[in-house]
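**Q** Please find one structure pasted underneath; my questions will follow.
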Protein chains: 2
Amino acid sequence: METKFILTEKEMPTAWYNIQADLPVPLPPLVHPGTKEPTRLPPPLFPEALNEQEFSKERYIEIPEEVQQVYRTWRPTPLIRAYRLEKALDTPAKIFYKYEGVSPAGSHKPNTAVAQAYYAKKEGAKRLATETGAGQWGSALALGCQFFGLECKVYMVKVSYYQKPYRRVMMETWGAKCVPSPSEDTEIGRRILAEDPECTGSLGIAISEAVEDAFARDDSFYSLGSVLNYVLMHQTIVGQEAKKQMEMADVYPDMIVGCIGGGSNFAGVLLPFVKDKIEGKKPGLRIVCCEPQACPSVTKGPYAWDYGDVAGMAPIALMYTLGHTFVPPPVHAGGLRYHGIAPIICHLHRLGFVEAVALYQRPIFEAAVTFARTEGILPAPEPAHCIRVAIDEALKCRESGEKKTILIALSGHGHFDLGAYDEYLSGKLEDYEYPKEKVKEALTHLPEVPIPIPPPPIPMASP
Amino acid sequence: METKFILTEKEMPTAWYNIQADLPVPLPPLVHPGTKEPTRLPPPLFPEALNEQEFSKERYIEIPEEVQQVYRTWRPTPLIRAYRLEKALDTPAKIFYKYEGVSPAGSHKPNTAVAQAYYAKKEGAKRLATETGAGQWGSALALGCQFFGLECKVYMVKVSYYQKPYRRVMMETWGAKCVPSPSEDTEIGRRILAEDPECTGSLGIAISEAVEDAFARDDSFYSLGSVLNYVLMHQTIVGQEAKKQMEMADVYPDMIVGCIGGGSNFAGVLLPFVKDKIEGKKPGLRIVCCEPQACPSVTKGPYAWDYGDVAGMAPIALMYTLGHTFVPPPVHAGGLRYHGIAPIICHLHRLGFVEAVALYQRPIFEAAVTFARTEGILPAPEPAHCIRVAIDEALKCRESGEKKTILIALSGHGHFDLGAYDEYLSGKLEDYEYPKEKVKEALTHLPEVPIPIPPPPIPMASP
C-alpha cells in the first residue's frame with residue numbers, strides 16, 4: 001500500500017510544457033495600455049528570453065541545466081495518496097495530492113522565481129524588483145535571486161510588512177531588501193506619502209513602485225509571479241511530474257482541483273492534463289478551479305479587456321475580471337485576492353475545458369482542519385479551497401458509490417497562516433459575501449479597447 | 001550529479017535499532033527518586049511496551065505496521081548533498097544533510113510521538129499528557145495522538161504559550177488541548193498560582209503538572225519526548241535511512257555532527273553508525289555532538305546521578321548534568337536548554353565513541369544564514385549548531401586539501417524561529433557565556449545515590 005509516489009531526479013521533466021502549441025483557438029493578444037494595440041511585454045522591464053516564451057508556440061521549452069540544478073534541491077515533489085482522509089470520509093474515491101510545500105519558500109512559487117532569476121542574470125541584470133502582498137511571492141523571488149547572485153528589491157504592502165514580519169525576515173535571510181510600500185525609494189511612493197503619510201499601501205501601489213524602480217535602472221528587470229503565460233509555463237513542471245506519478249499509481253484523475261488567484265499554481269498542474277482533453281483522449285476529465293466568494297473573478301466577472309495591475313500601467317489582457325480597481329474583502333487566502341485571472345485559464349474556461357466554483361472561507365477552513373487532522377500537513381488557506389471541493393466530491397462518491405480519482409493541487413503549507421487557523425478554531429472567522437456593488441463600480445473603469453471580444457465558442461468538450 | 005538521495009517506501013527500515021544489544025559496557029541503571037534503588041519506569045505513567053523497550057537487549061525491535069503507515073506520509077526523509085554550500089566554502093569536503101524538517105510538525109519529534117501514541121492506544125489509553133517548552137514536542141505529540149484517535153493534553157510553559165501562539169494553534173489544529181502552565185487543572189498548578197498568580201512557568205512545573213495529570217487518571221499515560229532509551233531508539237529510523245542513503249551516494253561519513261538537548265535527534269542519526277565503531281570497522285569516524293555555551297552539559301557538567309526533571313519526581317539517571325535546578329539563559333535554541341543529556345549519549349561519550357563541543361549563538365546564526373543562502377532551507381536554531389561545526393570542518397579541509405565527508409543531522413526547519421533570525425540580521429542577537437556560578441549552585445542539589453559511579457574507562461576508540 002504505497003502512500004507516496006516519488007520520482008527520482010533523473011525522472012524530473014527537463015522541459016516546460018507550452019500549452020500555446022496545442023490550443024485549438026489561439027490566445028487573444030496582449031494590448032498596450034497606451035496605444036491599445038497588440039503588444040509584446042515592455043522590453044526594458046523583462047528579459048528577452050521571457051518575452052519570447054510569452055508568445056512562443058513551441059510545445060516544449062528546455063529547462064536550463066542551471067535551473068534544473070536548483071530545482072533538484074526539492075524537486076521532484078511528492079504525490080501523496082490521502083488514505084487517512086479517504087478513510088475519515090468513508091469514501092470509495094481515491095484522493096491524491098501533489099504537494100509543493102516542500103520547497104524552501106513553502107509553495108510552488110520558486111518554480112518560476114528561479115527561472116526568472118536565471119534569465120535575468122543571463123541577460124546581464126544585477127538586480128530584480130518586484131512587489132508582494134503577504135510575502136509569498138517576494139520570499140520566493142528572494143530565494144531565486146539568492147541562488148543566482150542577484151540583488152532583490154521587494155516592495156511589500158505596508159500593512160502586511162508590519163502584520164507579517166516573518167515573511168519579511170525570510171526575504172532578508174535570503175539576502176533581499178524589503179521595504180514597506182509606499183516607500184521613500186520611488187517617485188510615486190514619495191508622492192503618495194506626501195499626500196498621506198499614514199497610507200497603508202496596496203498591491204497596486206507596490207506594483208507601481210517596483211515597475212518604476214526597474215524602469216529607472218539599467219541593471220534591473222521587473223519580475224511578476226503569476227498571470228503571464230511564461231509564469232504558468234514554468235509551473236508545468238508540477239503537472240508533468242504529477243502525470244508521471246499518477247501513472248506510477250496506475251490511475252488517471254477524473255477530477256483535478258486547484259485554487260486560482262492569478263492562476264499559476266492551478267495552471268501548472270492542469271496544463272499537462274488539459275492536453276489530453278484537447279486531444280479528445282479524456283473527455284470525462286473534469287478540471288475545476290476554486291476561488292473565494294469574496295473575489296470570484298471567473299464565476300461572477302465578465303470576460304473583458306482589463307489592466308493586469310491596479311495602477312493601469314501593465315498590459316491589458318482579455319480575461320474574467322472584477323475590475324482592476326476592485327479591492328476584495330480581506331479573506332485570509334491573500335494569494336487569491338486578484339481582480340483578474342491568467343488569460344490562459346480564462347481562455348480554457350471559455351473553450352469549455354475548465355469549470356469554476358466559488359467558496360466561502362469558513363467551509364474552506366473546516367476542510368483545512370479535516371485535512372490537517374487526517375493527513376498531518378497544515379495546508380495554506382489558498383489550496384484549502386480545493387481541498388473543500390475534493391472533500392465534497394468524495395462525499396458525493398460515498399452516496400453514489402463511484403470510485404472517482406481526485407487530484408488536489410496542494411500548492412503550499414500554512415505555517416505562516418496559523419493566525420487564520422486560530423480565528424477559525426476559536427469561532428471568530430468571518431465569511432465575506434460577494435461585494436456586488438463594489439464590483440459594479442470597479443467595472444465602470446475598464447479600459448476601452450478597439451479589438452472585438454470573440455463570442456463564447458461552442459464548448460469543445462463537455463465539462 | 002545527484003543532489004538528493006531518496007529511498008522508496010519499500011526501502012524504509014522496518015525495525016528500530018537498539019544500541020543496548022551492542023554496548024561493550026552495559027548502561028548504568030535508572031534509579032528510583034524515592035528509594036534510590038534501581039528501578040523500571042513508574043508503571044502507571046508509561047505503557048508496558050515502552051517500559052520493556054527501555055531495558056530491552058534485543059538488537060532490532062519491529063516497527064508496528066500501523067506506525068510504519070503513518071511514517072510513510074513523510075518518510076523516508078531525504079539525504080541531500082549540499083553542493084552549493086560546498087561551492088560557497090570552496091572546500092573539497094563533501095557535505096550531506098539528513099533533513100527531518102519534512103515531517104508535518106517540522107522536526108524529527110514525530111518519529112517517537114507516533115510510536116508512543118500507538119502503544120498507548122494499544123494498551124487501552126484514551127489520552128496522553130505531556131509538557132512542552134517552546135511547543136516543538138507538544139505539537140509532535142498532538143499530531144501523533146490525532147493519528148491514533150487519542151486525546152492529548154499539553155501543559156505549555158506560560159511564557160511560551162503567550163509568546164509563541166503559532167505552536168499552540170498547531171496543537172489545537174491537530175485536536176490537542178493546550179493550557180498555559182502553571183494551570184488551574186492540577187493540584188500543583190493551583191498551589192503555585194495561589195502563591196504567585198503572575199508565575200510565568202517553567203519546564204519543571206509543566207512536567208509536574210503533566211505527571212500529576214496522568215497519575216490522577218486511569219485513562220491516561222504520560223509522554224516524554226527525549227532522554228529515555230526508547231525515545232532514542234524510535235529515532236534510529238533516521239540514522240538507518242541515512243546509512244542506506246550514504247551507501248547510495250557511495251560514501252561513508254568521516255564526521256557526523258548533531259545538536260543535543262536531551263539527545264534524541266543526535267542519537268537517532270549516530271546510533272546506527274556507532275555500531276560500526278563499536279565493531280571496530282570505522283575507527284576514523286568522528287561523531288560530534290554540539291551544545292550551547294549557555295547550557296554545556298557534556299563539555300562542562302560532571303558525570304553524576306541526577307533527576308531527569310526539574311521537580312525531582314522523575315527517575316534518577318547517571319549522566320552529564322548541570323544540576324536539575326539549573327535554568328539556562330534564554331538562547332533561541334529552546335530545544336537545547338536541558339540540564340542533562342540522554343544516558344546513552346553520556347555513556348558513549350565516556351567510552352570514547354562520541355566527542356562534544358559547545359558553541360555561542362551568534363556564530364551559529366551566521367552558519368544558519370549561510371546555509372539558508374546556499375541551500376535554501378531555513379534551519380532551526382538547534383541544528384544550526386551542527387551546521388556551524390560542519391562549516392568549520394569544511395573550511396579546515398580547504399586548508400588541508402582533505403576530502404572529508406561530513407554528515408549533518410538537520411533535525412528541523414526554522415519557520416517558527418524567524419524572530420531569532422530577525423534579531424541576528426539586525427545585529428541585536430546576544431551571546432550568552434557559560435553561567436558558571438549558577439551551575440555551581442545547582443550542582444549542590446544533586447541527589448545522593450548509594451551506587452558508585454564507575455571510573456572513566458580506557459577509551460575504546462580514539463576520537
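Chains: A, B, ... in order of the C-alpha cells. Residues: from 1 per chain. Ligands: from 1, in order shown.
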Give me, as a PyMOL selection string, the residues of range 62-228 of chain B that a backbone DSSP run labels alpha helix (DSSP H).
**A** chain B and resi 65-71+83-89+110-122+136-147+158-163+165-173+187-195+203-216
**Q** Taking only C-alpha atoms into account, which residues of chain B are within 6 Å of chain A, as a list in words?
**A**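 Listed by rising number, the hits are Pro104, Tyr166, Val169, Trp174, Arg373, Gly376, Ile377, Leu418 and Asp422 of chain B.
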**Q** Please save N, CA and C atoms of the selected residues as an mmCIF file, in the first residue's frame.
**A**
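That gives us selection_18.cif:
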data_model
loop_
_atom_site.group_PDB
_atom_site.id
_atom_site.type_symbol
_atom_site.label_atom_id
_atom_site.label_comp_id
_atom_site.auth_asym_id
_atom_site.auth_seq_id
_atom_site.Cartn_x
_atom_site.Cartn_y
_atom_site.Cartn_z
ATOM 1 N N PRO B 104 5.203 16.678 9.157
ATOM 2 C CA PRO B 104 4.189 17.723 9.322
ATOM 3 C C PRO B 104 4.481 18.673 10.484
ATOM 4 N N TYR B 166 1.682 30.473 17.641
ATOM 5 C CA TYR B 166 1.536 29.605 16.471
ATOM 6 C C TYR B 166 1.691 28.131 16.818
ATOM 7 N N VAL B 169 -1.484 26.995 18.279
ATOM 8 C CA VAL B 169 -2.519 26.822 17.255
ATOM 9 C C VAL B 169 -2.302 25.520 16.482
ATOM 10 N N TRP B 174 -4.406 20.158 15.426
ATOM 11 C CA TRP B 174 -4.324 18.694 15.489
ATOM 12 C C TRP B 174 -5.166 18.129 16.640
ATOM 13 N N ARG B 373 21.223 30.730 2.609
ATOM 14 C CA ARG B 373 21.537 31.442 1.374
ATOM 15 C C ARG B 373 22.161 30.548 0.315
ATOM 16 N N GLY B 376 19.000 27.059 0.593
ATOM 17 C CA GLY B 376 17.586 27.435 0.541
ATOM 18 C C GLY B 376 16.866 27.213 1.856
ATOM 19 N N ILE B 377 17.011 26.022 2.416
ATOM 20 C CA ILE B 377 16.287 25.669 3.645
ATOM 21 C C ILE B 377 16.702 26.563 4.814
ATOM 22 N N LEU B 418 11.745 32.661 13.127
ATOM 23 C CA LEU B 418 12.209 33.785 12.318
ATOM 24 C C LEU B 418 12.426 35.048 13.151
ATOM 25 N N ASP B 422 15.582 37.435 12.788
ATOM 26 C CA ASP B 422 15.453 38.891 12.708
ATOM 27 C C ASP B 422 16.431 39.569 13.672
#
**Q** From the set B:Pro315, B:Gly263, B:Pro38, B:Pro456, which residue has the shortest atom-to-atom contact distance to Leu336 in chain B, counting only C-alpha atoms?
**A** B:Gly263
**Q** Could you list, as a ChimeraX atom specification, every residue within 9 Å of His324 in chain B, counting only C-alpha atoms and ignoring same-chain residues fewer than 3 positions away?
**A** /B:204,306-312,321,327,338-340,442-443,445-446
**Q** Can you measure CA of Gly258 in chain B to CA of Leu429 in chain B for me? One decimal in Å is fine.
**A**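 Separation between CA of Gly258 in chain B and CA of Leu429 in chain B: 22.7 Å.
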**Q** Running DSSP on the backbone, which parts of range 136-275 of chain B land in strand (DSSP E), as a PyMOL selection string?
**A** chain B and resi 151-157+177-181+220-222+255-259
**Q** Atoms to include: C-alpha atoms. Write the selected residues as a short mmCIF file (atom, residue, chain, number, x, y, z; two decimals), in the first residue's frame.
**A**
data_model
loop_
_atom_site.label_atom_id
_atom_site.label_comp_id
_atom_site.auth_asym_id
_atom_site.auth_seq_id
_atom_site.Cartn_x
_atom_site.Cartn_y
_atom_site.Cartn_z
CA GLU B 151 -6.91 12.93 23.27
CA CYS B 152 -3.81 14.96 24.01
CA LYS B 153 -3.31 17.39 26.86
CA VAL B 154 -0.28 19.65 26.68
CA TYR B 155 0.96 21.79 29.56
CA MET B 156 2.89 24.58 27.83
CA VAL B 157 5.23 26.86 29.79
CA LYS B 177 -5.91 20.73 24.37
CA CYS B 178 -3.11 23.09 25.30
CA VAL B 179 -3.10 25.10 28.55
CA PRO B 180 -0.59 27.59 29.93
CA SER B 181 1.38 26.12 32.82
CA SER B 220 -4.03 8.46 30.52
CA PHE B 221 -0.32 7.87 30.16
CA TYR B 222 2.45 10.43 30.47
CA MET B 255 32.33 13.02 10.66
CA ILE B 256 28.75 13.06 11.93
CA VAL B 257 27.52 16.23 13.63
CA GLY B 258 24.31 16.70 15.56
CA CYS B 259 22.93 19.01 18.21
#
**Q** If you count only C-alpha atoms, which residues fall within 8 Å of Leu141 in chain B, apart from same-chain ones fewer than 5 positions away, as JSON, numbers by chain?
**A** {"B": [110, 113, 114, 117, 152]}
**Q** What separation in Å, quoted to one decimal, exists between CA of Leu224 in chain B and CA of Gln245 in chain B?
**A**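 One can read the CA of Leu224 in chain B to CA of Gln245 in chain B distance as 29.3 Å.
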**Q** Please compute the CA of Trp137 in chain B-CA of Lys109 in chain B distance, one decimal, in Å.
**A**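 Pair CA of Trp137 in chain B / CA of Lys109 in chain B returns 6.3 Å.
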**Q** Which of these residues is nearest to Leu271 in chain B, using only C-alpha atoms: B:Leu27, B:Ala314, B:Val227, B:Leu348?
**A**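 The shortest atom-to-atom distance to Leu271 in chain B comes from B:Leu348.
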**Q** Tell me which protein, DNA and RNA residues are within 9 Å of Glu86 in chain A, counting only C-alpha atoms, leaving out same-chain ones fewer than 3 positions away, and put them as a VMD selection string.
**A** chain A and resid 82 to 83 89 to 95 374 391 394
**Q** Using N, CA and C atoms, can you write the selected residues to a file as a PDB file, in the first residue's frame?
**A**
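Generated file (result_6.pdb):
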ATOM      1  N   ALA A  82      -4.063  10.230  -0.176  1.00  0.00           N
ATOM      2  CA  ALA A  82      -4.636  10.658   1.109  1.00  0.00           C
ATOM      3  C   ALA A  82      -5.475   9.545   1.733  1.00  0.00           C
ATOM      4  N   TYR A  83      -4.807   8.435   2.060  1.00  0.00           N
ATOM      5  CA  TYR A  83      -5.527   7.277   2.604  1.00  0.00           C
ATOM      6  C   TYR A  83      -6.335   7.618   3.848  1.00  0.00           C
ATOM      7  N   LEU A  89     -13.498  10.033   5.549  1.00  0.00           N
ATOM      8  CA  LEU A  89     -14.699  10.401   4.793  1.00  0.00           C
ATOM      9  C   LEU A  89     -15.522   9.167   4.423  1.00  0.00           C
ATOM     10  N   ASP A  90     -14.948   7.986   4.673  1.00  0.00           N
ATOM     11  CA  ASP A  90     -15.616   6.730   4.331  1.00  0.00           C
ATOM     12  C   ASP A  90     -16.063   6.741   2.870  1.00  0.00           C
ATOM     13  N   THR A  91     -15.134   7.084   2.002  1.00  0.00           N
ATOM     14  CA  THR A  91     -15.469   7.261   0.587  1.00  0.00           C
ATOM     15  C   THR A  91     -14.753   6.220  -0.266  1.00  0.00           C
ATOM     16  N   PRO A  92     -15.402   5.765  -1.332  1.00  0.00           N
ATOM     17  CA  PRO A  92     -14.691   4.890  -2.273  1.00  0.00           C
ATOM     18  C   PRO A  92     -13.780   5.675  -3.218  1.00  0.00           C
ATOM     19  N   ALA A  93     -13.846   7.017  -3.163  1.00  0.00           N
ATOM     20  CA  ALA A  93     -12.994   7.836  -4.041  1.00  0.00           C
ATOM     21  C   ALA A  93     -11.531   7.690  -3.634  1.00  0.00           C
ATOM     22  N   LYS A  94     -10.642   7.831  -4.616  1.00  0.00           N
ATOM     23  CA  LYS A  94      -9.206   7.874  -4.348  1.00  0.00           C
ATOM     24  C   LYS A  94      -8.767   9.321  -4.426  1.00  0.00           C
ATOM     25  N   ILE A  95      -8.169   9.795  -3.337  1.00  0.00           N
ATOM     26  CA  ILE A  95      -7.750  11.203  -3.301  1.00  0.00           C
ATOM     27  C   ILE A  95      -6.227  11.273  -3.292  1.00  0.00           C
ATOM     28  N   THR A 374      -6.148  14.510   9.421  1.00  0.00           N
ATOM     29  CA  THR A 374      -6.031  13.176   8.828  1.00  0.00           C
ATOM     30  C   THR A 374      -4.674  12.986   8.162  1.00  0.00           C
ATOM     31  N   ILE A 391     -13.162  17.203  -0.966  1.00  0.00           N
ATOM     32  CA  ILE A 391     -13.914  16.518   0.093  1.00  0.00           C
ATOM     33  C   ILE A 391     -15.382  16.384  -0.300  1.00  0.00           C
ATOM     34  N   ALA A 394     -15.729  13.724  -2.824  1.00  0.00           N
ATOM     35  CA  ALA A 394     -15.541  12.398  -2.225  1.00  0.00           C
ATOM     36  C   ALA A 394     -16.786  11.977  -1.435  1.00  0.00           C
TER      37      ALA A 394
END
**Q** Which residue out of A:Gly412, A:Ile341, A:Tyr119, A:Leu228 has the minimum interatomic distance to Phe55 in chain A when only C-alpha atoms are used?
**A**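 Of A:Gly412, A:Ile341, A:Tyr119, A:Leu228, the one nearest Phe55 in chain A is A:Leu228, counting only C-alpha atoms.
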**Q** Do you know which residues are at most 8 Å from Asp213 in chain B counting only C-alpha atoms, after dropping those on the same chain fewer than 3 positions away, and could you put them as a PyMOL selection string?
**A** chain B and resi 129+186+209-210+216-217
**Q** Could those residues be written to a file, using N, CA and C atoms, as a short mmCIF file (atom, residue, chain, number, x, y, z; two decimals), in the first residue's frame?
**A**
data_model
loop_
_atom_site.label_atom_id
_atom_site.label_comp_id
_atom_site.auth_asym_id
_atom_site.auth_seq_id
_atom_site.Cartn_x
_atom_site.Cartn_y
_atom_site.Cartn_z
N ALA B 129 -0.80 12.82 28.31
CA ALA B 129 -0.50 14.14 28.87
C ALA B 129 1.00 14.37 28.73
N THR B 186 -4.44 21.30 37.69
CA THR B 186 -3.78 20.33 38.58
C THR B 186 -3.62 20.95 39.97
N GLU B 209 2.99 19.07 36.31
CA GLU B 209 1.56 19.10 36.02
C GLU B 209 1.15 17.92 35.14
N ALA B 210 1.96 17.65 34.10
CA ALA B 210 1.61 16.54 33.18
C ALA B 210 1.66 15.20 33.91
N ALA B 216 -3.32 10.87 37.98
CA ALA B 216 -4.64 11.00 38.58
C ALA B 216 -5.73 10.31 37.77
N ARG B 217 -5.41 9.94 36.54
CA ARG B 217 -6.48 9.41 35.67
C ARG B 217 -6.14 8.01 35.19
#
**Q** From the set B:Phe365, B:His32, B:Pro454, B:Ile406, which residue has the shortest atom-to-atom contact distance to Lys428 in chain B, counting only C-alpha atoms?
**A**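 Ranking B:Phe365, B:His32, B:Pro454, B:Ile406 by distance to Lys428 in chain B, first place goes to B:Phe365.
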